[in-house]
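K.L.:
Before anything else, here's the structure in question.
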Amino acid sequence: MVSLLARLPLPGHREPGDRGAGYPLALAAAATAAVTILGLAGLTLAVVVVQALDPAGGLPVGGSLRVAGQLWLLAGGGGLDLASGPLVLAPLLLTLAVAFGLVRAGRGVARVAEPTGAGAAAAVVAVATAVHVLLAVLLALAVDAPGARADLLRCAAGAAVLALVAAGWGVLRESGLADPLLDRLPGPVRPVSAAVLAGLVAAVGLCCAVVAVALAADTAGYAAVTRSLGGSGAGILGLLALGALLLPNAAAAVLGLASGPGFSIGTATVVSVHGVSLGPVPALPLLAALPDTQAVPLLAFASQAVPALAGLVTGAVLGRRMTDDDGGSVSAGLWGVVAGVLLGVAGGLLVAVAGGSLGDGALASVGAPPVATGLALAVQAGIAAAVAAAVARWRSRD
């Protein structure tokens, strides 16, 4: 995408050797805009296909575009003011797709335009962020409807944070400006970073497996909710797609359950190993994974192994990546504690992003508590990571 844009006659683009100072900024603006345009086009096409399967005709193309735009805003950290209250819940799978596109755009601009110095790279990131925020605000104004008002401030703030992190990381990684910064930091920073990422991926993967097992154990409940919402092909496919978009959110809630604090869906539904309280929940088939009774299910107790397993993965990756200059087994164990604590921080941030609100009153708070989940995960994963890192480092030196 970026390589194609690089061939277009952008402002300041005369000759390959004399592109002008504005070329990287123009390319950054074009690449960032392309992410939003292509993403919205693909999302709208998916909604149109789903609506085409509706025997009653479904939404018109304009309505499908509005739904796609609202999903895009929610994925970017925005919010909608509905008649039932504020809707603030980012479908994390779509959020990851948007972030991936922005990272690729940032890397492509840095590869083609080759900004020299930190100032030029910062200017590229600033332009990419500004364009992404501008498009988010324009989209919010375009999809605004009487029954679903877009929260402009939240949409702009969410788009700014997402673009700044994703595009900034892409530019830093491709330009190599991050390497000198990492080299100045003490200790095995690179192995620790890789270990924390591996541990977080392992934790999320295990939590997704817990959700899958819970759904498989209650296929009758899943089918009942699906039938209650309409058995047409459009309804089944739409609910399946919505469940897929929210699967990382469900995994983050399970991470809260596995770490100890549990999670809630409003004030009446709370699930933890200390007890289960069931109340009215939205008619979403994915919520069939919730327990059917007030008794704590065996799967909830089995999920308590997730933090320790994630810590073991973190420690094993750390111990194998450390070199002789980073120290021996004792040093690896100490850095394993650090990696476990950072894994707890990452898990707390994931839980915070995955939670939100589904309206006023009883559904004003959805998800796991971020601080409590992060602290519990840090303690459990830190102990496991310290042991695994020391063992892995000791075995790698033999």
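Residues are referred to by chain and number: the chain letter is A, B, ... according to the order shown in the structure tokens, the number counts from 1 in that chain, and ligands are numbered separately from 1 in the order shown.
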Could you give me, as a PyMOL selection string, the residues within 6 Å of segment 20-29 of chain A, counting only C-alpha atoms and dropping anything in the same chain fewer than 3 positions from it?
P.N.:
chain A and resi 12+32+109+113+124+128
K.L.:
Let's have the selection written as a PDB file, in the first residue's frame, with N, CA and C atoms.
P.N.:
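Saved to again05.pdb:
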```pdb
ATOM      1  N   GLY A  12       5.699  17.970  -3.384  1.00  0.00           N
ATOM      2  CA  GLY A  12       7.130  17.980  -3.147  1.00  0.00           C
ATOM      3  C   GLY A  12       7.861  16.847  -3.817  1.00  0.00           C
ATOM      4  N   THR A  32      -1.902   6.870   6.232  1.00  0.00           N
ATOM      5  CA  THR A  32      -2.824   6.786   7.368  1.00  0.00           C
ATOM      6  C   THR A  32      -4.271   6.870   6.893  1.00  0.00           C
ATOM      7  N   VAL A 109       6.044   4.023   5.579  1.00  0.00           N
ATOM      8  CA  VAL A 109       6.489   5.413   5.384  1.00  0.00           C
ATOM      9  C   VAL A 109       7.954   5.557   5.756  1.00  0.00           C
ATOM     10  N   ALA A 113      10.236   6.785   2.762  1.00  0.00           N
ATOM     11  CA  ALA A 113      10.653   8.180   2.880  1.00  0.00           C
ATOM     12  C   ALA A 113      11.964   8.351   3.628  1.00  0.00           C
ATOM     13  N   VAL A 124       6.584  12.769  11.269  1.00  0.00           N
ATOM     14  CA  VAL A 124       5.807  11.755  10.553  1.00  0.00           C
ATOM     15  C   VAL A 124       4.735  11.174  11.461  1.00  0.00           C
ATOM     16  N   ALA A 128       0.638  11.485  11.050  1.00  0.00           N
ATOM     17  CA  ALA A 128      -0.198  10.281  11.014  1.00  0.00           C
ATOM     18  C   ALA A 128      -1.262  10.320  12.105  1.00  0.00           C
TER      19      ALA A 128
END
```
K.L.:
Which residues come within 7 Å of segment 302-314 of chain A, counting only C-alpha atoms, excluding same-chain residues fewer than 2 positions away, as a list in words?
P.N.:
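The residues satisfying every condition are Ala195, Val196, Ala198, Gly199, Leu200, Ala202, Ala203, Leu206, Ala258, Ser259, Leu298, Leu299, Ala300, Ala316, Val317, Leu318, Gly340, Leu377, Gln380, Ala381, Gly382, Ala384, Ala385 and Ala388 of chain A.
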K.L.:
Considering only C-alpha atoms, state which residue in the set A:Phe263, A:Asp144, A:Val204, A:Val133 is at the smallest distance from Leu343 of chain A.
P.N.:
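The shortest atom-to-atom distance to Leu343 of chain A comes from A:Val204.
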K.L.:
From a backbone DSSP assignment, name each residue in segment 163-393 of chain A labelled strand (DSSP E or B), as a list in words.
P.N.:
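Written out, the strand (DSSP E or B) residues of segment 163-393 of chain A are Phe263, Ser264, Ile265, Thr269, Val270, Val271, Ser272, Gly275, Val276, Ser277, Gly356, Ser357, Leu358, Val366 and Gly367 of chain A.
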K.L.:
Show which residues sit within 8 Å of segment 295-297 of chain A, as a list in words. Count only C-alpha atoms, and ignore same-chain residues fewer than 2 positions away.
P.N.:
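Those residues are Val271, Ser272, Val273, His274, Gly275, Val276, Pro291, Thr293, Leu299, Ala300 and Phe301 of chain A.
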K.L.:
I need the residue nearest Cys155 of chain A from this list: A:Val341, A:Ala252, A:Ala212, A:Leu73. Use only C-alpha atoms for the distance.
P.N.:
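Counting only C-alpha atoms, the residue closest to Cys155 of chain A is A:Leu73.
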K.L.:
Return the single residue from A:Leu96, A:Val112, A:Leu102, A:Leu358 that is closest to Leu38 of chain A, with distances computed using only C-alpha atoms.
P.N.:
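Nearest to Leu38 of chain A: A:Leu102.
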K.L.:
Output as a count of residues only all residues of segment 209-297 of chain A that backbone DSSP marks as helix (DSSP H, G or I).
P.N.:
49
K.L.:
Residues within 8 Å of Ala372 of chain A, please, as JSON, numbers by chain. Count only C-alpha atoms; anything in the same chain fewer than 4 positions from it doesn't count.
P.N.:
{"A": [261, 348, 376]}
K.L.:
Fewer than 3 positions away in the same chain doesn't count, so skip those; otherwise give me all residues within 8 Å of Ala390 of chain A, counting only C-alpha atoms, as a PyMOL selection string.
P.N.:
chain A and resi 315+319+328-333+336+386-387+393-394
K.L.:
Selection from above, C-alpha atoms, as a PDB file, in the first residue's frame, can you write it?
P.N.:
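Written out: part.pdb:
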```pdb
ATOM      1  CA  GLY A 315      10.687 -17.206  32.349  1.00  0.00           C
ATOM      2  CA  GLY A 319      16.320 -17.580  30.258  1.00  0.00           C
ATOM      3  CA  GLY A 328      23.919 -16.465  35.277  1.00  0.00           C
ATOM      4  CA  SER A 329      20.993 -18.283  36.852  1.00  0.00           C
ATOM      5  CA  VAL A 330      20.657 -15.947  39.829  1.00  0.00           C
ATOM      6  CA  SER A 331      20.540 -12.890  37.582  1.00  0.00           C
ATOM      7  CA  ALA A 332      18.036 -14.659  35.331  1.00  0.00           C
ATOM      8  CA  GLY A 333      15.822 -15.385  38.318  1.00  0.00           C
ATOM      9  CA  GLY A 336      12.344 -13.202  35.832  1.00  0.00           C
ATOM     10  CA  ALA A 386      11.769 -16.414  38.333  1.00  0.00           C
ATOM     11  CA  VAL A 387      11.992 -20.200  38.686  1.00  0.00           C
ATOM     12  CA  ARG A 393      19.428 -20.032  31.996  1.00  0.00           C
ATOM     13  CA  TRP A 394      21.189 -22.804  33.864  1.00  0.00           C
TER      14      TRP A 394
END
```
K.L.:
Using only C-alpha atoms, which residue out of A:Ala389, A:Ala346, A:Ile383, A:Leu177 lies closest to Gly119 of chain A?
P.N.:
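Among A:Ala389, A:Ala346, A:Ile383, A:Leu177, it is A:Leu177 that comes nearest to Gly119 of chain A.
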K.L.:
Looking at only C-alpha atoms, which of A:Asp326, A:Ala251, A:Glu174, A:Pro86 is the one that sits closest to Val210 of chain A?
P.N.:
A:Ala251
K.L.:
Out of A:Pro188, A:Pro146, A:Gly262, A:Pro280, which residue has the shortest atom-to-atom distance to Val351 of chain A when counting only C-alpha atoms?
P.N.:
A:Gly262
K.L.:
Work out how far apart atom CA of Ala68 of chain A and atom CA of Leu287 of chain A are and give it in Å to one decimal.
P.N.:
22.8 Å
